[in-house]
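Peer 1: One structure coming up, written as structure tokens, with questions to follow.
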Amino acid sequence: MFIGVDHGTTAIRFATRNAYFEIPRGEAAELEEETLFEKIEKELGLEREEIKMLAMTYSMGDGIESITPIERTRNRGLLSETGAGEHIGGGTRVFDLIRASRIPAVVIPGVHRGSGCDPRLDVFSHGASPEKIGIAYHVFETGVQNFIVSDISSNTATLAVANGRVIGAIDACIFAPGIHHGPLDVEAIRAVDEGRCTANEAFAHAGVIKETPYKTMGELINAYRRGKKDALRAFDTISLLSAMEIAGMKVLMEDYGVRREDHRIFLSGTISEIDYVVKKIEKHLQNCVVSLGGMSAALGLSKIAESVYNGQKEILGIKVET
């Protein structure tokens, strides 16, 4: 059996090809090893001894450039523990428990400077966290070679694959905001310079929800379902800016000989499950858009685990270390 583990913004997600579950990051921070594996066995319908390989992500994954055995990663595959995002401890706990368990596991890198993507994008230090590789592999395994996938949830990140290789990505802190997180504009830069918040705090409050009275993604979605105009505007905003980010990746794809009519567009993440957003993005781009939902990263990671176990040496252009 092969398992994918997605270290998400709000939860740790586990999947095989046939089953899925998630644990909130706060709850995961309190887990003991036996409790974790009892939950895996119960929710995924398998015995611990049946696990042949596990593929997992951790935070930004910017300290490694290849798919690496977990026991050979330093600092859990990070350049630094600091950076954009909230540290809760759940992902750290799960990573350390899996490493200590001695179950065969590999860690997936993110897309960052030096990853071997288009060198022009190396002007940015980071392009996408490693779960986006899981989403992309989920698509690739269906037989699609040329595509763009935009992951929209607490933040937004967009990744492009041409001829079966990752060629670039645009991270949450560069362009399109998500529900909670987004790039720092002039107002945010001034707030940081004046000492009213840190850069990370500014990033964590730069999403579209800041223009509404709602505090959580769930509250925003419920308000949209009740027809609240402020929630509708938030989804209009995220649809427009995500579409603009995807359109930017279309330009990159053309530089790799992939014409606009020869690639497909996918959405993933919680917000990709809202039909209104999907239809808005389709209208902006004048393209058919396919929604993958929120579990696509963990599912794709389970497929990576299977491919690595079977001896594959490269995943979407990323080297597999043995």
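All residue names refer to the structure tokens as shown: chains lettered A, B, ... in order, residues numbered from 1 in each chain, ligands numbered from 1 in order.
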Considering only C-alpha atoms, return as a list in words whatever protein or nucleic-acid residues lie within 9 Å of Asp236 (chain A), sequence-local ones (same chain, fewer than 6 positions apart) excluded.

Peer 2: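 Selected residues are Tyr276, Val277 and Lys280 of chain A.
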
Peer 1: Create the file for the chosen residues now, containing N, CA, C and O atoms and written as a short mmCIF file (atom, residue, chain, number, x, y, z; two decimals), in the first residue's frame.

Peer 2:
```cif
data_model
loop_
_atom_site.label_atom_id
_atom_site.label_comp_id
_atom_site.auth_asym_id
_atom_site.auth_seq_id
_atom_site.Cartn_x
_atom_site.Cartn_y
_atom_site.Cartn_z
N TYR A 276 -19.16 28.57 -8.54
CA TYR A 276 -19.17 29.98 -8.93
C TYR A 276 -17.77 30.44 -9.33
O TYR A 276 -17.59 31.13 -10.34
N VAL A 277 -16.78 30.06 -8.54
CA VAL A 277 -15.39 30.44 -8.82
C VAL A 277 -14.90 29.78 -10.09
O VAL A 277 -14.26 30.42 -10.95
N LYS A 280 -16.42 31.54 -13.08
CA LYS A 280 -15.85 32.87 -13.25
C LYS A 280 -14.48 32.79 -13.91
O LYS A 280 -14.15 33.56 -14.82
#
```

Peer 1: Identify, on the basis of only C-alpha atoms, every residue whose closest approach to Arg102 (chain A) does not exceed 12 Å; exclude the query and any residue fewer than 5 positions from it along the same chain; express the result as a list of chain:residue names.

Peer 2: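 Answer for this query is A:Glu33, A:Arg48, A:Glu49, A:Ile51, A:Lys52, A:Met53, A:Leu54, A:Pro69, A:Ile70, A:Glu71, A:Phe95, A:Asp96, A:Leu97.
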
Peer 1: Kindly save the residues from that selection, with N, CA and C atoms included, as an mmCIF file, in the first residue's frame.

Peer 2:
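Output contents, as saved in result37.cif:
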```
data_model
loop_
_atom_site.group_PDB
_atom_site.id
_atom_site.type_symbol
_atom_site.label_atom_id
_atom_site.label_comp_id
_atom_site.auth_asym_id
_atom_site.auth_seq_id
_atom_site.Cartn_x
_atom_site.Cartn_y
_atom_site.Cartn_z
ATOM 1 N N GLU A 33 3.082 8.287 18.416
ATOM 2 C CA GLU A 33 3.294 7.438 17.250
ATOM 3 C C GLU A 33 2.205 6.390 17.090
ATOM 4 N N ARG A 48 -0.375 -1.528 9.323
ATOM 5 C CA ARG A 48 0.903 -0.813 9.273
ATOM 6 C C ARG A 48 1.940 -1.565 8.446
ATOM 7 N N GLU A 49 1.961 -2.881 8.567
ATOM 8 C CA GLU A 49 2.952 -3.689 7.865
ATOM 9 C C GLU A 49 2.736 -3.689 6.349
ATOM 10 N N ILE A 51 2.282 -1.006 4.539
ATOM 11 C CA ILE A 51 2.758 0.240 3.934
ATOM 12 C C ILE A 51 4.111 -0.002 3.275
ATOM 13 N N LYS A 52 4.153 0.057 1.948
ATOM 14 C CA LYS A 52 5.385 -0.174 1.210
ATOM 15 C C LYS A 52 6.209 1.094 1.032
ATOM 16 N N MET A 53 5.529 2.230 0.872
ATOM 17 C CA MET A 53 6.223 3.501 0.674
ATOM 18 C C MET A 53 5.256 4.636 0.985
ATOM 19 N N LEU A 54 5.823 5.696 1.523
ATOM 20 C CA LEU A 54 5.049 6.876 1.874
ATOM 21 C C LEU A 54 5.755 8.095 1.274
ATOM 22 N N PRO A 69 14.997 10.368 0.364
ATOM 23 C CA PRO A 69 14.611 9.520 1.491
ATOM 24 C C PRO A 69 14.554 10.334 2.781
ATOM 25 N N ILE A 70 13.545 10.101 3.593
ATOM 26 C CA ILE A 70 13.316 10.934 4.761
ATOM 27 C C ILE A 70 14.502 10.940 5.717
ATOM 28 N N GLU A 71 15.204 9.805 5.809
ATOM 29 C CA GLU A 71 16.325 9.732 6.748
ATOM 30 C C GLU A 71 17.526 10.550 6.275
ATOM 31 N N PHE A 95 5.883 14.591 10.696
ATOM 32 C CA PHE A 95 7.144 14.306 10.002
ATOM 33 C C PHE A 95 8.071 13.487 10.902
ATOM 34 N N ASP A 96 8.242 13.929 12.132
ATOM 35 C CA ASP A 96 9.174 13.259 13.046
ATOM 36 C C ASP A 96 8.687 11.858 13.426
ATOM 37 N N LEU A 97 7.376 11.689 13.557
ATOM 38 C CA LEU A 97 6.843 10.365 13.872
ATOM 39 C C LEU A 97 7.068 9.394 12.722
#
```

Peer 1: With only C-alpha atoms as the basis for distance, which of A:Gly178, A:Gly317, A:Gly300, A:Gly168 is at the shortest distance from Tyr256 (chain A)?

Peer 2: A:Gly168

Peer 1: Looking only at the backbone, which of the residues in region 100-281 of chain A does DSSP tag as alpha helix (DSSP H), as an mmCIF file with C-alpha atoms, in the first residue's frame?

Peer 2:
```
data_model
loop_
_atom_site.group_PDB
_atom_site.id
_atom_site.type_symbol
_atom_site.label_atom_id
_atom_site.label_comp_id
_atom_site.auth_asym_id
_atom_site.auth_seq_id
_atom_site.Cartn_x
_atom_site.Cartn_y
_atom_site.Cartn_z
ATOM 1 C CA ALA A 100 11.122 7.535 13.659
ATOM 2 C CA SER A 101 8.788 4.737 12.511
ATOM 3 C CA GLU A 131 2.184 19.591 -2.263
ATOM 4 C CA LYS A 132 1.762 21.312 -5.651
ATOM 5 C CA ILE A 133 4.034 18.595 -7.072
ATOM 6 C CA GLY A 134 1.576 16.050 -5.699
ATOM 7 C CA ILE A 135 -1.340 17.824 -7.394
ATOM 8 C CA ALA A 136 0.576 18.020 -10.675
ATOM 9 C CA TYR A 137 1.464 14.312 -10.563
ATOM 10 C CA HIS A 138 -2.174 13.464 -9.927
ATOM 11 C CA VAL A 139 -2.984 15.241 -13.212
ATOM 12 C CA PHE A 140 0.018 13.802 -15.067
ATOM 13 C CA VAL A 186 2.313 49.253 -0.389
ATOM 14 C CA GLU A 187 -0.035 49.444 2.598
ATOM 15 C CA ALA A 188 1.397 46.237 4.041
ATOM 16 C CA ILE A 189 5.006 47.302 3.425
ATOM 17 C CA ARG A 190 4.346 50.530 5.325
ATOM 18 C CA ALA A 191 2.796 48.587 8.208
ATOM 19 C CA VAL A 192 5.924 46.407 8.412
ATOM 20 C CA ASP A 193 8.300 49.392 8.179
ATOM 21 C CA ALA A 199 6.274 40.671 7.218
ATOM 22 C CA ASN A 200 4.909 37.192 7.953
ATOM 23 C CA GLU A 201 1.934 38.663 9.812
ATOM 24 C CA ALA A 202 1.282 40.998 6.885
ATOM 25 C CA PHE A 203 1.371 38.022 4.483
ATOM 26 C CA ALA A 204 -1.005 36.057 6.694
ATOM 27 C CA MET A 217 -12.815 30.372 5.253
ATOM 28 C CA GLY A 218 -15.849 28.459 6.495
ATOM 29 C CA GLU A 219 -17.584 31.666 7.548
ATOM 30 C CA LEU A 220 -16.837 33.239 4.169
ATOM 31 C CA ILE A 221 -18.189 30.234 2.252
ATOM 32 C CA ASN A 222 -21.349 30.158 4.381
ATOM 33 C CA ALA A 223 -21.883 33.888 3.794
ATOM 34 C CA TYR A 224 -21.529 33.325 0.043
ATOM 35 C CA ARG A 225 -24.146 30.579 0.200
ATOM 36 C CA LYS A 229 -22.583 40.701 -1.276
ATOM 37 C CA ASP A 230 -19.252 41.090 0.565
ATOM 38 C CA ALA A 231 -18.591 37.339 0.297
ATOM 39 C CA LEU A 232 -19.553 37.359 -3.377
ATOM 40 C CA ARG A 233 -17.116 40.208 -4.002
ATOM 41 C CA ALA A 234 -14.347 38.249 -2.237
ATOM 42 C CA PHE A 235 -14.901 35.306 -4.586
ATOM 43 C CA ASP A 236 -15.114 37.644 -7.584
ATOM 44 C CA THR A 237 -11.724 39.071 -6.560
ATOM 45 C CA ILE A 238 -10.044 35.713 -6.067
ATOM 46 C CA SER A 239 -11.472 34.469 -9.395
ATOM 47 C CA LEU A 240 -10.120 37.465 -11.312
ATOM 48 C CA LEU A 241 -6.649 37.424 -9.789
ATOM 49 C CA SER A 242 -6.264 33.643 -10.014
ATOM 50 C CA ALA A 243 -7.260 33.850 -13.675
ATOM 51 C CA MET A 244 -4.654 36.570 -14.222
ATOM 52 C CA GLU A 245 -2.008 34.361 -12.602
ATOM 53 C CA ILE A 246 -2.987 31.414 -14.806
ATOM 54 C CA ALA A 247 -2.877 33.701 -17.855
ATOM 55 C CA GLY A 248 0.683 34.640 -16.913
ATOM 56 C CA MET A 249 1.678 30.975 -16.893
ATOM 57 C CA LYS A 250 0.115 30.598 -20.343
ATOM 58 C CA VAL A 251 2.756 33.033 -21.614
ATOM 59 C CA LEU A 252 5.489 30.836 -20.127
ATOM 60 C CA MET A 253 3.967 27.700 -21.676
ATOM 61 C CA GLU A 254 4.120 29.263 -25.143
ATOM 62 C CA ASP A 255 7.853 29.809 -24.698
ATOM 63 C CA ASP A 275 -18.785 26.197 -8.877
ATOM 64 C CA TYR A 276 -19.173 29.983 -8.934
ATOM 65 C CA VAL A 277 -15.391 30.445 -8.820
ATOM 66 C CA VAL A 278 -14.759 27.778 -11.458
ATOM 67 C CA LYS A 279 -17.246 29.377 -13.850
ATOM 68 C CA LYS A 280 -15.850 32.870 -13.249
ATOM 69 C CA ILE A 281 -12.307 31.699 -14.025
#
```

Peer 1: Find the residue from A:Asn163, A:Ser272, A:Ser125, A:Ser150 that sits nearest to Arg113 (chain A); use only C-alpha atoms when measuring.

Peer 2: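 Of the candidates, the smallest distance to Arg113 (chain A) is held by A:Ser125.
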
Peer 1: Select, from A:Ser302, A:Ser115, A:Thr142, A:Ser296, the residue with the minimum atom-to-atom distance to Glu65 (chain A), counting only C-alpha atoms.

Peer 2: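 Among A:Ser302, A:Ser115, A:Thr142, A:Ser296, it is A:Ser115 that comes nearest to Glu65 (chain A).
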
Peer 1: Give me the residues within 9 Å of Ala169 (chain A) as a PDB file with all heavy atoms, in the first residue's frame, counting only C-alpha atoms and dropping any in the same chain fewer than 3 places off.

Peer 2:
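Everything below was put into selection04.pdb:
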```pdb
ATOM      1  N   VAL A 111       9.150  23.963  -5.339  1.00  0.00           N
ATOM      2  CA  VAL A 111       9.706  24.617  -6.526  1.00  0.00           C
ATOM      3  C   VAL A 111      10.335  25.927  -6.048  1.00  0.00           C
ATOM      4  O   VAL A 111       9.651  26.785  -5.481  1.00  0.00           O
ATOM      5  CB  VAL A 111       8.616  24.901  -7.574  1.00  0.00           C
ATOM      6  CG1 VAL A 111       9.206  25.614  -8.787  1.00  0.00           C
ATOM      7  CG2 VAL A 111       7.932  23.611  -7.982  1.00  0.00           C
ATOM      8  N   HIS A 112      11.639  26.054  -6.272  1.00  0.00           N
ATOM      9  CA  HIS A 112      12.335  27.225  -5.749  1.00  0.00           C
ATOM     10  C   HIS A 112      13.569  27.506  -6.602  1.00  0.00           C
ATOM     11  O   HIS A 112      13.861  26.775  -7.559  1.00  0.00           O
ATOM     12  CB  HIS A 112      12.728  27.006  -4.292  1.00  0.00           C
ATOM     13  CG  HIS A 112      13.384  25.678  -4.027  1.00  0.00           C
ATOM     14  ND1 HIS A 112      14.729  25.457  -4.234  1.00  0.00           N
ATOM     15  CD2 HIS A 112      12.880  24.495  -3.604  1.00  0.00           C
ATOM     16  CE1 HIS A 112      15.019  24.208  -3.935  1.00  0.00           C
ATOM     17  NE2 HIS A 112      13.921  23.596  -3.550  1.00  0.00           N
ATOM     18  N   CYS A 117      13.843  24.780 -13.002  1.00  0.00           N
ATOM     19  CA  CYS A 117      12.759  25.309 -13.813  1.00  0.00           C
ATOM     20  C   CYS A 117      13.290  26.463 -14.665  1.00  0.00           C
ATOM     21  O   CYS A 117      14.491  26.674 -14.749  1.00  0.00           O
ATOM     22  CB  CYS A 117      11.607  25.772 -12.916  1.00  0.00           C
ATOM     23  SG  CYS A 117      10.852  24.430 -11.978  1.00  0.00           S
ATOM     24  N   LEU A 121      12.540  32.689 -13.755  1.00  0.00           N
ATOM     25  CA  LEU A 121      11.739  32.746 -12.541  1.00  0.00           C
ATOM     26  C   LEU A 121      12.586  32.646 -11.279  1.00  0.00           C
ATOM     27  O   LEU A 121      12.069  32.775 -10.167  1.00  0.00           O
ATOM     28  CB  LEU A 121      10.683  31.636 -12.560  1.00  0.00           C
ATOM     29  CG  LEU A 121       9.590  31.789 -13.623  1.00  0.00           C
ATOM     30  CD1 LEU A 121       8.587  30.647 -13.520  1.00  0.00           C
ATOM     31  CD2 LEU A 121       8.883  33.120 -13.521  1.00  0.00           C
ATOM     32  N   HIS A 126      11.241  31.477  -4.260  1.00  0.00           N
ATOM     33  CA  HIS A 126      10.340  30.344  -4.039  1.00  0.00           C
ATOM     34  C   HIS A 126       9.147  30.453  -4.974  1.00  0.00           C
ATOM     35  O   HIS A 126       8.606  31.545  -5.184  1.00  0.00           O
ATOM     36  CB  HIS A 126       9.862  30.348  -2.583  1.00  0.00           C
ATOM     37  CG  HIS A 126       9.037  29.152  -2.202  1.00  0.00           C
ATOM     38  ND1 HIS A 126       9.571  27.896  -2.109  1.00  0.00           N
ATOM     39  CD2 HIS A 126       7.724  29.034  -1.889  1.00  0.00           C
ATOM     40  CE1 HIS A 126       8.611  27.036  -1.745  1.00  0.00           C
ATOM     41  NE2 HIS A 126       7.486  27.710  -1.615  1.00  0.00           N
ATOM     42  N   GLY A 127       8.749  29.314  -5.561  1.00  0.00           N
ATOM     43  CA  GLY A 127       7.632  29.311  -6.492  1.00  0.00           C
ATOM     44  C   GLY A 127       6.411  28.557  -6.016  1.00  0.00           C
ATOM     45  O   GLY A 127       5.287  28.981  -6.247  1.00  0.00           O
ATOM     46  N   ALA A 128       6.618  27.431  -5.332  1.00  0.00           N
ATOM     47  CA  ALA A 128       5.477  26.642  -4.859  1.00  0.00           C
ATOM     48  C   ALA A 128       5.931  25.636  -3.819  1.00  0.00           C
ATOM     49  O   ALA A 128       7.042  25.104  -3.894  1.00  0.00           O
ATOM     50  CB  ALA A 128       4.799  25.905  -6.023  1.00  0.00           C
ATOM     51  N   ALA A 157      -1.438  29.417  -5.331  1.00  0.00           N
ATOM     52  CA  ALA A 157      -0.173  29.184  -6.027  1.00  0.00           C
ATOM     53  C   ALA A 157      -0.484  28.458  -7.324  1.00  0.00           C
ATOM     54  O   ALA A 157      -1.376  27.610  -7.376  1.00  0.00           O
ATOM     55  CB  ALA A 157       0.791  28.373  -5.167  1.00  0.00           C
ATOM     56  N   THR A 158       0.255  28.801  -8.378  1.00  0.00           N
ATOM     57  CA  THR A 158      -0.013  28.257  -9.707  1.00  0.00           C
ATOM     58  C   THR A 158       1.257  27.656 -10.286  1.00  0.00           C
ATOM     59  O   THR A 158       2.328  28.257 -10.196  1.00  0.00           O
ATOM     60  CB  THR A 158      -0.559  29.366 -10.630  1.00  0.00           C
ATOM     61  OG1 THR A 158      -1.745  29.907 -10.048  1.00  0.00           O
ATOM     62  CG2 THR A 158      -0.883  28.827 -12.011  1.00  0.00           C
ATOM     63  N   LEU A 159       1.136  26.479 -10.876  1.00  0.00           N
ATOM     64  CA  LEU A 159       2.277  25.726 -11.382  1.00  0.00           C
ATOM     65  C   LEU A 159       2.014  25.316 -12.831  1.00  0.00           C
ATOM     66  O   LEU A 159       0.889  25.001 -13.200  1.00  0.00           O
ATOM     67  CB  LEU A 159       2.493  24.504 -10.493  1.00  0.00           C
ATOM     68  CG  LEU A 159       3.634  23.538 -10.802  1.00  0.00           C
ATOM     69  CD1 LEU A 159       4.234  23.009  -9.501  1.00  0.00           C
ATOM     70  CD2 LEU A 159       3.120  22.366 -11.640  1.00  0.00           C
ATOM     71  N   ALA A 160       3.083  25.323 -13.647  1.00  0.00           N
ATOM     72  CA  ALA A 160       2.962  24.958 -15.054  1.00  0.00           C
ATOM     73  C   ALA A 160       3.828  23.741 -15.368  1.00  0.00           C
ATOM     74  O   ALA A 160       4.976  23.650 -14.919  1.00  0.00           O
ATOM     75  CB  ALA A 160       3.378  26.124 -15.949  1.00  0.00           C
ATOM     76  N   VAL A 166       7.925  20.099 -14.803  1.00  0.00           N
ATOM     77  CA  VAL A 166       7.589  21.376 -14.168  1.00  0.00           C
ATOM     78  C   VAL A 166       8.523  22.451 -14.718  1.00  0.00           C
ATOM     79  O   VAL A 166       9.746  22.310 -14.668  1.00  0.00           O
ATOM     80  CB  VAL A 166       7.743  21.292 -12.640  1.00  0.00           C
ATOM     81  CG1 VAL A 166       7.448  22.653 -12.003  1.00  0.00           C
ATOM     82  CG2 VAL A 166       6.822  20.226 -12.053  1.00  0.00           C
ATOM     83  N   MET A 249       1.007  32.247 -16.641  1.00  0.00           N
ATOM     84  CA  MET A 249       1.678  30.975 -16.893  1.00  0.00           C
ATOM     85  C   MET A 249       1.440  30.492 -18.321  1.00  0.00           C
ATOM     86  O   MET A 249       2.262  29.757 -18.882  1.00  0.00           O
ATOM     87  CB  MET A 249       1.211  29.922 -15.888  1.00  0.00           C
ATOM     88  CG  MET A 249       1.538  30.271 -14.436  1.00  0.00           C
ATOM     89  SD  MET A 249       3.276  30.698 -14.172  1.00  0.00           S
ATOM     90  CE  MET A 249       3.970  29.071 -13.932  1.00  0.00           C
TER      91      MET A 249
END
```

Peer 1: Could you state the separation of CA of Arg260 (chain A) and CA of Ala298 (chain A) in Å, given to one decimal place?

Peer 2: 28.6 Å

Peer 1: Just how far from CA of Arg196 (chain A) is CA of His7 (chain A), in Å to one decimal?

Peer 2: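 Here the two named atoms are 29.6 Å from each other.
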
Peer 1: Identify which of the residues A:Val320, A:Leu44, A:Gly257, A:Thr10 lies closest to Ser307 (chain A), counting only C-alpha atoms when measuring atom-to-atom distances.

Peer 2: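 The closest residue to Ser307 (chain A) is A:Val320.
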
Peer 1: Quick one: distance from CA of Asp6 (chain A) to CA of Val161 (chain A) in Å, one decimal?

Peer 2: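 Computed distance, CA of Asp6 (chain A) to CA of Val161 (chain A), equals 20.1 Å.
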
Peer 1: Write down as a compact mmCIF listing (two decimals) with all heavy atoms, in the first residue's frame the residues of region 91-254 of chain A whose backbone DSSP state falls under strand (DSSP E).

Peer 2:
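That gives us out14.txt:
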```txt
# COMPACT_ATOMS: atom_id res chain seq x y z
N ALA A 105 10.00 6.08 3.42
CA ALA A 105 9.33 7.34 3.11
C ALA A 105 10.28 8.26 2.36
O ALA A 105 11.49 8.25 2.58
CB ALA A 105 8.85 8.02 4.40
N VAL A 106 9.70 9.05 1.46
CA VAL A 106 10.46 10.07 0.74
C VAL A 106 9.82 11.42 0.97
O VAL A 106 8.61 11.53 1.20
CB VAL A 106 10.56 9.77 -0.77
CG1 VAL A 106 11.43 8.56 -1.03
CG2 VAL A 106 9.17 9.61 -1.38
N VAL A 107 10.66 12.47 0.91
CA VAL A 107 10.21 13.85 1.09
C VAL A 107 10.26 14.55 -0.26
O VAL A 107 11.26 14.46 -0.99
CB VAL A 107 11.08 14.57 2.13
CG1 VAL A 107 10.58 16.00 2.35
CG2 VAL A 107 11.10 13.80 3.44
N VAL A 111 9.15 23.96 -5.34
CA VAL A 111 9.71 24.62 -6.53
C VAL A 111 10.33 25.93 -6.05
O VAL A 111 9.65 26.78 -5.48
CB VAL A 111 8.62 24.90 -7.57
CG1 VAL A 111 9.21 25.61 -8.79
CG2 VAL A 111 7.93 23.61 -7.98
N HIS A 112 11.64 26.05 -6.27
CA HIS A 112 12.33 27.22 -5.75
C HIS A 112 13.57 27.51 -6.60
O HIS A 112 13.86 26.78 -7.56
CB HIS A 112 12.73 27.01 -4.29
CG HIS A 112 13.38 25.68 -4.03
ND1 HIS A 112 14.73 25.46 -4.23
CD2 HIS A 112 12.88 24.50 -3.60
CE1 HIS A 112 15.02 24.21 -3.94
NE2 HIS A 112 13.92 23.60 -3.55
N HIS A 126 11.24 31.48 -4.26
CA HIS A 126 10.34 30.34 -4.04
C HIS A 126 9.15 30.45 -4.97
O HIS A 126 8.61 31.55 -5.18
CB HIS A 126 9.86 30.35 -2.58
CG HIS A 126 9.04 29.15 -2.20
ND1 HIS A 126 9.57 27.90 -2.11
CD2 HIS A 126 7.72 29.03 -1.89
CE1 HIS A 126 8.61 27.04 -1.74
NE2 HIS A 126 7.49 27.71 -1.61
N GLY A 127 8.75 29.31 -5.56
CA GLY A 127 7.63 29.31 -6.49
C GLY A 127 6.41 28.56 -6.02
O GLY A 127 5.29 28.98 -6.25
N ALA A 128 6.62 27.43 -5.33
CA ALA A 128 5.48 26.64 -4.86
C ALA A 128 5.93 25.64 -3.82
O ALA A 128 7.04 25.10 -3.89
CB ALA A 128 4.80 25.90 -6.02
N PHE A 147 -0.07 21.24 -18.91
CA PHE A 147 -1.19 21.79 -18.13
C PHE A 147 -0.70 22.85 -17.13
O PHE A 147 0.49 22.96 -16.82
CB PHE A 147 -1.92 20.69 -17.38
CG PHE A 147 -1.08 19.89 -16.41
CD1 PHE A 147 -0.98 20.25 -15.07
CD2 PHE A 147 -0.39 18.76 -16.84
CE1 PHE A 147 -0.21 19.51 -14.18
CE2 PHE A 147 0.38 18.00 -15.96
CZ PHE A 147 0.47 18.39 -14.63
N ILE A 148 -1.67 23.61 -16.66
CA ILE A 148 -1.47 24.59 -15.59
C ILE A 148 -2.43 24.21 -14.48
O ILE A 148 -3.60 23.90 -14.74
CB ILE A 148 -1.75 26.02 -16.08
CG1 ILE A 148 -0.78 26.42 -17.19
CG2 ILE A 148 -1.67 27.01 -14.92
CD1 ILE A 148 -1.17 27.69 -17.92
N VAL A 149 -1.95 24.22 -13.24
CA VAL A 149 -2.84 23.96 -12.11
C VAL A 149 -2.70 25.10 -11.11
O VAL A 149 -1.58 25.49 -10.75
CB VAL A 149 -2.55 22.60 -11.45
CG1 VAL A 149 -1.11 22.49 -10.95
CG2 VAL A 149 -3.52 22.33 -10.32
N SER A 150 -3.83 25.66 -10.71
CA SER A 150 -3.85 26.72 -9.71
C SER A 150 -4.53 26.19 -8.46
O SER A 150 -5.68 25.74 -8.51
CB SER A 150 -4.59 27.95 -10.24
OG SER A 150 -4.44 29.05 -9.36
N ASP A 151 -3.81 26.21 -7.34
CA ASP A 151 -4.30 25.69 -6.07
C ASP A 151 -4.82 26.88 -5.25
O ASP A 151 -4.06 27.77 -4.88
CB ASP A 151 -3.16 24.98 -5.34
CG ASP A 151 -3.63 24.25 -4.10
OD1 ASP A 151 -4.66 23.57 -4.17
OD2 ASP A 151 -2.96 24.37 -3.06
N ILE A 152 -6.13 26.89 -4.98
CA ILE A 152 -6.77 28.05 -4.34
C ILE A 152 -7.41 27.61 -3.04
O ILE A 152 -8.36 26.82 -3.02
CB ILE A 152 -7.83 28.67 -5.26
CG1 ILE A 152 -7.29 28.89 -6.67
CG2 ILE A 152 -8.33 29.98 -4.69
CD1 ILE A 152 -8.35 29.30 -7.68
N THR A 156 -2.98 31.10 -2.68
CA THR A 156 -3.08 30.70 -4.09
C THR A 156 -1.68 30.54 -4.66
O THR A 156 -0.84 31.42 -4.48
CB THR A 156 -3.85 31.76 -4.91
OG1 THR A 156 -5.19 31.84 -4.42
CG2 THR A 156 -3.89 31.40 -6.38
N ALA A 157 -1.44 29.42 -5.33
CA ALA A 157 -0.17 29.18 -6.03
C ALA A 157 -0.48 28.46 -7.32
O ALA A 157 -1.38 27.61 -7.38
CB ALA A 157 0.79 28.37 -5.17
N THR A 158 0.26 28.80 -8.38
CA THR A 158 -0.01 28.26 -9.71
C THR A 158 1.26 27.66 -10.29
O THR A 158 2.33 28.26 -10.20
CB THR A 158 -0.56 29.37 -10.63
OG1 THR A 158 -1.74 29.91 -10.05
CG2 THR A 158 -0.88 28.83 -12.01
N LEU A 159 1.14 26.48 -10.88
CA LEU A 159 2.28 25.73 -11.38
C LEU A 159 2.01 25.32 -12.83
O LEU A 159 0.89 25.00 -13.20
CB LEU A 159 2.49 24.50 -10.49
CG LEU A 159 3.63 23.54 -10.80
CD1 LEU A 159 4.23 23.01 -9.50
CD2 LEU A 159 3.12 22.37 -11.64
N ALA A 160 3.08 25.32 -13.65
CA ALA A 160 2.96 24.96 -15.05
C ALA A 160 3.83 23.74 -15.37
O ALA A 160 4.98 23.65 -14.92
CB ALA A 160 3.38 26.12 -15.95
N VAL A 161 3.27 22.82 -16.15
CA VAL A 161 3.97 21.62 -16.60
C VAL A 161 3.92 21.59 -18.13
O VAL A 161 2.83 21.66 -18.72
CB VAL A 161 3.34 20.34 -16.03
CG1 VAL A 161 3.97 19.10 -16.64
CG2 VAL A 161 3.49 20.32 -14.50
N ALA A 162 5.08 21.51 -18.77
CA ALA A 162 5.17 21.42 -20.23
C ALA A 162 5.93 20.16 -20.60
O ALA A 162 7.03 19.91 -20.08
CB ALA A 162 5.88 22.66 -20.79
N ARG A 165 7.20 18.07 -17.63
CA ARG A 165 8.18 18.61 -16.70
C ARG A 165 7.67 19.91 -16.09
O ARG A 165 7.07 20.75 -16.79
CB ARG A 165 9.52 18.88 -17.40
CG ARG A 165 10.20 17.65 -17.96
CD ARG A 165 11.47 18.03 -18.71
NE ARG A 165 12.46 18.62 -17.81
CZ ARG A 165 13.36 17.93 -17.11
NH1 ARG A 165 13.40 16.61 -17.22
NH2 ARG A 165 14.23 18.53 -16.33
N VAL A 166 7.92 20.10 -14.80
CA VAL A 166 7.59 21.38 -14.17
C VAL A 166 8.52 22.45 -14.72
O VAL A 166 9.75 22.31 -14.67
CB VAL A 166 7.74 21.29 -12.64
CG1 VAL A 166 7.45 22.65 -12.00
CG2 VAL A 166 6.82 20.23 -12.05
N ILE A 167 7.95 23.54 -15.25
CA ILE A 167 8.78 24.61 -15.81
C ILE A 167 8.74 25.89 -14.99
O ILE A 167 9.55 26.79 -15.19
CB ILE A 167 8.39 24.91 -17.27
CG1 ILE A 167 6.91 25.32 -17.36
CG2 ILE A 167 8.70 23.72 -18.16
CD1 ILE A 167 6.51 25.86 -18.73
N GLY A 168 7.81 25.98 -14.04
CA GLY A 168 7.77 27.18 -13.22
C GLY A 168 6.54 27.24 -12.35
O GLY A 168 5.58 26.47 -12.54
N ALA A 169 6.57 28.15 -11.38
CA ALA A 169 5.45 28.31 -10.45
C ALA A 169 5.45 29.73 -9.89
O ALA A 169 6.49 30.39 -9.84
CB ALA A 169 5.55 27.29 -9.32
N ILE A 170 4.27 30.17 -9.48
CA ILE A 170 4.11 31.49 -8.88
C ILE A 170 3.51 31.28 -7.49
O ILE A 170 2.40 30.79 -7.35
CB ILE A 170 3.20 32.39 -9.73
CG1 ILE A 170 3.77 32.57 -11.13
CG2 ILE A 170 3.03 33.76 -9.05
CD1 ILE A 170 2.88 33.35 -12.07
```

Peer 1: From the list A:Pro130, A:Gly45, A:Gly110, A:Pro24, which residue is nearest Gly91 (chain A) when using only C-alpha atoms?

Peer 2: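 Nearest candidate to Gly91 (chain A) out of A:Pro130, A:Gly45, A:Gly110, A:Pro24: A:Pro24.
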